[in-house]
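Enquirer: Sharing model-v7.cif, mmCIF, C-alpha atoms; chains and numbers go by the auth columns:
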```
data_input
loop_
_atom_site.group_PDB
_atom_site.id
_atom_site.type_symbol
_atom_site.label_atom_id
_atom_site.label_comp_id
_atom_site.label_asym_id
_atom_site.label_seq_id
_atom_site.Cartn_x
_atom_site.Cartn_y
_atom_site.Cartn_z
_atom_site.B_iso_or_equiv
_atom_site.auth_seq_id
_atom_site.auth_asym_id
ATOM 1 C CA MET A 1 98.273 81.792 75.862 0.00 1 O
ATOM 2 C CA SER A 2 94.910 80.420 74.664 0.00 2 O
ATOM 3 C CA GLU A 3 93.742 76.964 75.649 0.00 3 O
ATOM 4 C CA ASN A 4 93.323 75.862 72.024 0.00 4 O
ATOM 5 C CA ALA A 5 96.823 76.841 70.895 0.00 5 O
ATOM 6 C CA PRO A 6 98.870 73.814 69.874 0.00 6 O
ATOM 7 C CA GLN A 7 101.752 73.007 72.145 0.00 7 O
ATOM 8 C CA SER A 8 105.082 72.187 70.613 0.00 8 O
ATOM 9 C CA ILE A 9 107.192 69.412 72.036 0.00 9 O
ATOM 10 C CA SER A 10 110.834 68.987 71.180 0.00 10 O
ATOM 11 C CA LEU A 11 111.621 65.686 69.491 0.00 11 O
ATOM 12 C CA ASP A 12 114.722 65.465 71.682 0.00 12 O
ATOM 13 C CA ASP A 13 112.461 65.125 74.737 0.00 13 O
ATOM 14 C CA LEU A 14 110.529 62.126 73.388 0.00 14 O
ATOM 15 C CA PRO A 15 111.583 58.514 73.961 0.00 15 O
ATOM 16 C CA LEU A 16 112.648 56.423 70.979 0.00 16 O
ATOM 17 C CA SER A 17 109.396 54.404 71.059 0.00 17 O
ATOM 18 C CA GLN A 18 107.309 57.553 70.570 0.00 18 O
ATOM 19 C CA LEU A 19 109.645 58.731 67.834 0.00 19 O
ATOM 20 C CA GLN A 20 109.141 55.389 66.075 0.00 20 O
ATOM 21 C CA SER A 21 105.375 55.876 66.313 0.00 21 O
ATOM 22 C CA ILE A 22 105.650 59.390 64.839 0.00 22 O
ATOM 23 C CA LYS A 23 107.896 58.015 62.102 0.00 23 O
ATOM 24 C CA SER A 24 105.272 55.422 61.152 0.00 24 O
ATOM 25 C CA GLN A 25 102.560 58.081 61.115 0.00 25 O
ATOM 26 C CA LEU A 26 104.635 60.369 58.894 0.00 26 O
ATOM 27 C CA GLU A 27 105.421 57.496 56.514 0.00 27 O
ATOM 28 C CA SER A 28 101.711 56.727 56.248 0.00 28 O
ATOM 29 C CA GLU A 29 100.774 60.377 55.652 0.00 29 O
ATOM 30 C CA ILE A 30 103.488 60.806 53.017 0.00 30 O
ATOM 31 C CA SER A 31 102.339 57.645 51.253 0.00 31 O
ATOM 32 C CA GLU A 32 98.678 58.711 51.245 0.00 32 O
ATOM 33 C CA MET A 33 99.485 62.208 50.030 0.00 33 O
ATOM 34 C CA THR A 34 101.792 60.895 47.314 0.00 34 O
ATOM 35 C CA SER A 35 98.967 58.645 46.149 0.00 35 O
ATOM 36 C CA ALA A 36 96.542 61.594 46.160 0.00 36 O
ATOM 37 C CA PHE A 37 99.057 63.639 44.161 0.00 37 O
ATOM 38 C CA SER A 38 99.314 60.836 41.624 0.00 38 O
ATOM 39 C CA GLN A 39 95.524 60.664 41.318 0.00 39 O
ATOM 40 C CA MET A 40 95.390 64.436 40.791 0.00 40 O
ATOM 41 C CA LYS A 41 97.905 64.159 37.974 0.00 41 O
ATOM 42 C CA GLN A 42 95.856 61.360 36.377 0.00 42 O
ATOM 43 C CA ALA A 43 92.691 63.477 36.590 0.00 43 O
ATOM 44 C CA GLN A 44 94.544 66.423 35.098 0.00 44 O
ATOM 45 C CA SER A 45 95.732 64.222 32.247 0.00 45 O
ATOM 46 C CA ALA A 46 92.167 63.002 31.611 0.00 46 O
ATOM 47 C CA PHE A 47 90.860 66.589 31.517 0.00 47 O
ATOM 48 C CA ARG A 48 93.641 67.585 29.109 0.00 48 O
ATOM 49 C CA GLU A 49 92.719 64.658 26.868 0.00 49 O
ATOM 50 C CA CYS A 50 89.077 65.817 26.854 0.00 50 O
ATOM 51 C CA LYS A 51 90.152 69.336 25.945 0.00 51 O
ATOM 52 C CA ASN A 52 92.400 68.015 23.170 0.00 52 O
ATOM 53 C CA CYS A 53 89.493 65.994 21.761 0.00 53 O
ATOM 54 C CA ILE A 54 87.315 69.095 21.688 0.00 54 O
ATOM 55 C CA THR A 55 89.953 71.175 19.908 0.00 55 O
ATOM 56 C CA SER A 56 90.634 68.442 17.348 0.00 56 O
ATOM 57 C CA MET A 57 86.937 67.825 16.542 0.00 57 O
ATOM 58 C CA SER A 58 86.939 70.330 13.687 0.00 58 O
ATOM 59 C CA GLU A 59 89.529 68.191 11.891 0.00 59 O
ATOM 60 C CA THR A 60 87.287 65.109 12.031 0.00 60 O
ATOM 61 C CA LYS A 61 84.043 66.593 10.686 0.00 61 O
ATOM 62 C CA ASP A 62 82.673 64.408 7.892 0.00 62 O
ATOM 63 C CA LYS A 63 85.598 61.980 8.264 0.00 63 O
ATOM 64 C CA THR A 64 85.046 58.402 9.350 0.00 64 O
ATOM 65 C CA ILE A 65 86.081 57.832 12.952 0.00 65 O
ATOM 66 C CA MET A 66 85.891 54.794 15.230 0.00 66 O
ATOM 67 C CA ILE A 67 83.236 55.155 17.924 0.00 67 O
ATOM 68 C CA PRO A 68 83.774 52.993 21.006 0.00 68 O
ATOM 69 C CA LEU A 69 80.862 50.859 22.151 0.00 69 O
ATOM 70 C CA SER A 70 82.971 49.172 24.839 0.00 70 O
ATOM 71 C CA ASN A 71 86.667 48.933 25.728 0.00 71 O
ATOM 72 C CA SER A 72 87.315 46.663 22.766 0.00 72 O
ATOM 73 C CA LEU A 73 84.341 47.130 20.432 0.00 73 O
ATOM 74 C CA TYR A 74 84.134 49.970 17.898 0.00 74 O
ATOM 75 C CA VAL A 75 81.902 50.974 15.002 0.00 75 O
ATOM 76 C CA PRO A 76 82.707 53.414 12.211 0.00 76 O
ATOM 77 C CA GLY A 77 80.842 56.711 12.321 0.00 77 O
ATOM 78 C CA LYS A 78 80.918 60.363 11.340 0.00 78 O
ATOM 79 C CA LEU A 79 80.485 63.492 13.455 0.00 79 O
ATOM 80 C CA SER A 80 77.615 65.512 12.052 0.00 80 O
ATOM 81 C CA ASN A 81 77.482 68.246 14.721 0.00 81 O
ATOM 82 C CA ILE A 82 80.749 69.635 16.016 0.00 82 O
ATOM 83 C CA ASP A 83 79.226 72.752 17.560 0.00 83 O
ATOM 84 C CA SER A 84 78.164 71.129 20.834 0.00 84 O
ATOM 85 C CA VAL A 85 79.161 68.241 23.073 0.00 85 O
ATOM 86 C CA VAL A 86 77.727 66.498 26.110 0.00 86 O
ATOM 87 C CA VAL A 87 79.982 66.902 29.150 0.00 87 O
ATOM 88 C CA ASP A 88 80.026 64.586 32.175 0.00 88 O
ATOM 89 C CA VAL A 89 79.953 67.056 35.084 0.00 89 O
ATOM 90 C CA GLY A 90 80.036 64.343 37.741 0.00 90 O
ATOM 91 C CA THR A 91 77.750 62.124 39.811 0.00 91 O
ATOM 92 C CA GLY A 92 75.857 60.939 36.746 0.00 92 O
ATOM 93 C CA TYR A 93 74.960 64.384 35.410 0.00 93 O
ATOM 94 C CA TYR A 94 75.590 65.360 31.818 0.00 94 O
ATOM 95 C CA VAL A 95 75.294 68.851 30.345 0.00 95 O
ATOM 96 C CA GLU A 96 75.216 69.860 26.715 0.00 96 O
ATOM 97 C CA LYS A 97 77.694 72.664 26.073 0.00 97 O
ATOM 98 C CA SER A 98 79.034 74.445 23.064 0.00 98 O
ATOM 99 C CA THR A 99 82.529 73.298 22.168 0.00 99 O
ATOM 100 C CA LYS A 100 83.830 76.715 23.255 0.00 100 O
ATOM 101 C CA ASP A 101 82.138 76.431 26.678 0.00 101 O
ATOM 102 C CA ALA A 102 83.241 72.816 27.053 0.00 102 O
ATOM 103 C CA ALA A 103 86.850 73.821 26.366 0.00 103 O
ATOM 104 C CA LYS A 104 86.551 76.560 29.016 0.00 104 O
ATOM 105 C CA TYR A 105 85.024 74.039 31.432 0.00 105 O
ATOM 106 C CA TYR A 106 87.984 71.674 30.993 0.00 106 O
ATOM 107 C CA ASP A 107 90.472 74.559 31.260 0.00 107 O
ATOM 108 C CA GLY A 108 88.895 75.404 34.622 0.00 108 O
ATOM 109 C CA LYS A 109 89.080 71.776 35.730 0.00 109 O
ATOM 110 C CA ILE A 110 92.723 71.510 34.680 0.00 110 O
ATOM 111 C CA GLU A 111 93.592 74.696 36.579 0.00 111 O
ATOM 112 C CA TYR A 112 91.673 73.589 39.696 0.00 112 O
ATOM 113 C CA VAL A 113 93.341 70.181 39.776 0.00 113 O
ATOM 114 C CA GLN A 114 96.756 71.775 39.157 0.00 114 O
ATOM 115 C CA SER A 115 96.368 74.143 42.108 0.00 115 O
ATOM 116 C CA ASN A 116 95.268 71.294 44.397 0.00 116 O
ATOM 117 C CA ALA A 117 98.121 69.097 43.195 0.00 117 O
ATOM 118 C CA GLN A 118 100.543 71.951 43.931 0.00 118 O
ATOM 119 C CA LYS A 119 99.187 72.259 47.487 0.00 119 O
ATOM 120 C CA ILE A 120 99.544 68.519 48.012 0.00 120 O
ATOM 121 C CA GLN A 121 103.092 68.590 46.654 0.00 121 O
ATOM 122 C CA GLU A 122 104.051 71.408 49.042 0.00 122 O
ATOM 123 C CA THR A 123 102.567 69.501 51.980 0.00 123 O
ATOM 124 C CA VAL A 124 104.425 66.331 50.989 0.00 124 O
ATOM 125 C CA GLU A 125 107.684 68.286 50.805 0.00 125 O
ATOM 126 C CA GLN A 126 107.070 69.713 54.298 0.00 126 O
ATOM 127 C CA LYS A 127 106.303 66.265 55.687 0.00 127 O
ATOM 128 C CA GLN A 128 109.414 64.817 54.034 0.00 128 O
ATOM 129 C CA THR A 129 111.503 67.551 55.668 0.00 129 O
ATOM 130 C CA SER A 130 109.928 66.706 59.037 0.00 130 O
ATOM 131 C CA TYR A 131 110.573 63.022 58.368 0.00 131 O
ATOM 132 C CA ARG A 132 114.264 63.624 57.638 0.00 132 O
ATOM 133 C CA GLY A 133 114.576 65.710 60.814 0.00 133 O
ATOM 134 C CA LEU A 134 112.894 62.949 62.799 0.00 134 O
ATOM 135 C CA LEU A 135 115.298 60.372 61.358 0.00 135 O
ATOM 136 C CA ASP A 136 118.233 62.563 62.397 0.00 136 O
ATOM 137 C CA VAL A 137 116.929 62.774 65.979 0.00 137 O
ATOM 138 C CA MET A 138 116.296 59.022 66.061 0.00 138 O
ATOM 139 C CA GLN A 139 119.791 58.286 64.765 0.00 139 O
ATOM 140 C CA TYR A 140 121.262 60.590 67.411 0.00 140 O
ATOM 141 C CA LYS A 141 119.270 58.878 70.185 0.00 141 O
ATOM 142 C CA ILE A 142 120.257 55.410 68.956 0.00 142 O
ATOM 143 C CA THR A 143 123.913 56.473 68.901 0.00 143 O
ATOM 144 C CA GLN A 144 123.567 57.854 72.447 0.00 144 O
ATOM 145 C CA GLN A 145 121.983 54.598 73.644 0.00 145 O
ATOM 146 C CA ARG A 146 124.757 52.519 72.105 0.00 146 O
ATOM 147 C CA GLN A 147 127.447 54.683 73.684 0.00 147 O
ATOM 148 C CA GLY A 148 125.695 54.483 77.061 0.00 148 O
ATOM 149 C CA ALA A 149 125.395 50.683 76.813 0.00 149 O
ATOM 150 C CA LYS A 150 129.125 50.033 76.303 0.00 150 O
ATOM 151 C CA PRO A 151 130.874 48.429 79.262 0.00 151 O
ATOM 152 C CA ALA A 152 133.111 50.656 81.358 0.00 152 O
ATOM 153 C CA GLY A 153 136.736 50.791 80.225 0.00 153 O
ATOM 154 C CA VAL A 154 135.917 50.141 76.551 0.00 154 O
ATOM 155 C CA SER A 155 136.668 52.981 74.189 0.00 155 O
ATOM 156 C CA ALA A 156 135.701 53.406 70.565 0.00 156 O
#
```
Could you take the file, read its structure, and then write that structure out as structure tokens?

Expert:
Amino acid sequence: MSENAPQSISLDDLPLSQLQSIKSQLESEISEMTSAFSQMKQAQSAFRECKNCITSMSETKDKTIMIPLSNSLYVPGKLSNIDSVVVDVGTGYYVEKSTKDAAKYYDGKIEYVQSNAQKIQETVEQKQTSYRGLLDVMQYKITQQRQGAKPAGVSA
């Protein structure tokens, strides 16, 4: 067996205090991963909204639209060029792309985020299964402790 191979320890062999520590760690990991999953879904929704805006641009050519200057300040305007858009590619960089290329860019982003969200979801499900198994072992150990702590001559 190699020195770097992980060793497995049966939960039944661990004291209740260590099981409680593992339980807290699992709860924390599940919470963090659930939050990450939620953020992935929000990002995916934002990318879908961008893609929807690109596909609906042809309907708004030469029509008056409201252009946001801030979260609550708008001015009327018209789109004069619907053949290209400027895409925020991250970390303060913007790239001009054709609407076709921009739509492909957002499709790729949506797919990438979806695959990562799926991986996170699978990991969360595995951790939740481990958590439920840990709770079962803890409940068994607590029951054993209670039965061992009863005075002699007392039956349940």

Enquirer: When you count only C-alpha atoms, which of these residues is closest to Met66 in chain O: O:Ile54, O:Leu19, O:Ile120, O:Leu79?

Expert: O:Leu79

Enquirer: For the file shown, report as JSON, numbers by chain the outcome of the PyMOL selection byres ((chain O and resi 87) around 8) at residue level.

Expert: {"O": [85, 86, 88, 89, 94, 95, 96, 97, 102]}

Enquirer: How many Å separate CA of Thr60 in chain O from CA of Lys78 in chain O?

Expert: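 CA of Lys78 in chain O lies at a distance of 8.0 Å from CA of Thr60 in chain O.
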
Enquirer: Using only C-alpha atoms, which of O:Arg48, O:Lys119, O:Lys61, O:Lys109 sits nearest Asn81 in chain O?

Expert: O:Lys61

Enquirer: With only C-alpha atoms as the basis for distance, which of O:Pro76, O:Pro68, O:Gly92, O:Gly133 is at the shortest distance from Lys23 in chain O?

Expert: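 Ranking O:Pro76, O:Pro68, O:Gly92, O:Gly133 by distance to Lys23 in chain O, first place goes to O:Gly133.
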
Enquirer: With only C-alpha atoms as the atoms that count, which of O:Met138, O:Val124, O:Met57, O:Leu69 lies nearest to Met33 in chain O?

Expert: O:Val124

Enquirer: Just how far from CA of Ser70 in chain O is CA of Cys50 in chain O, in Å to one decimal?

Expert: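 Pair CA of Cys50 in chain O / CA of Ser70 in chain O returns 17.8 Å.
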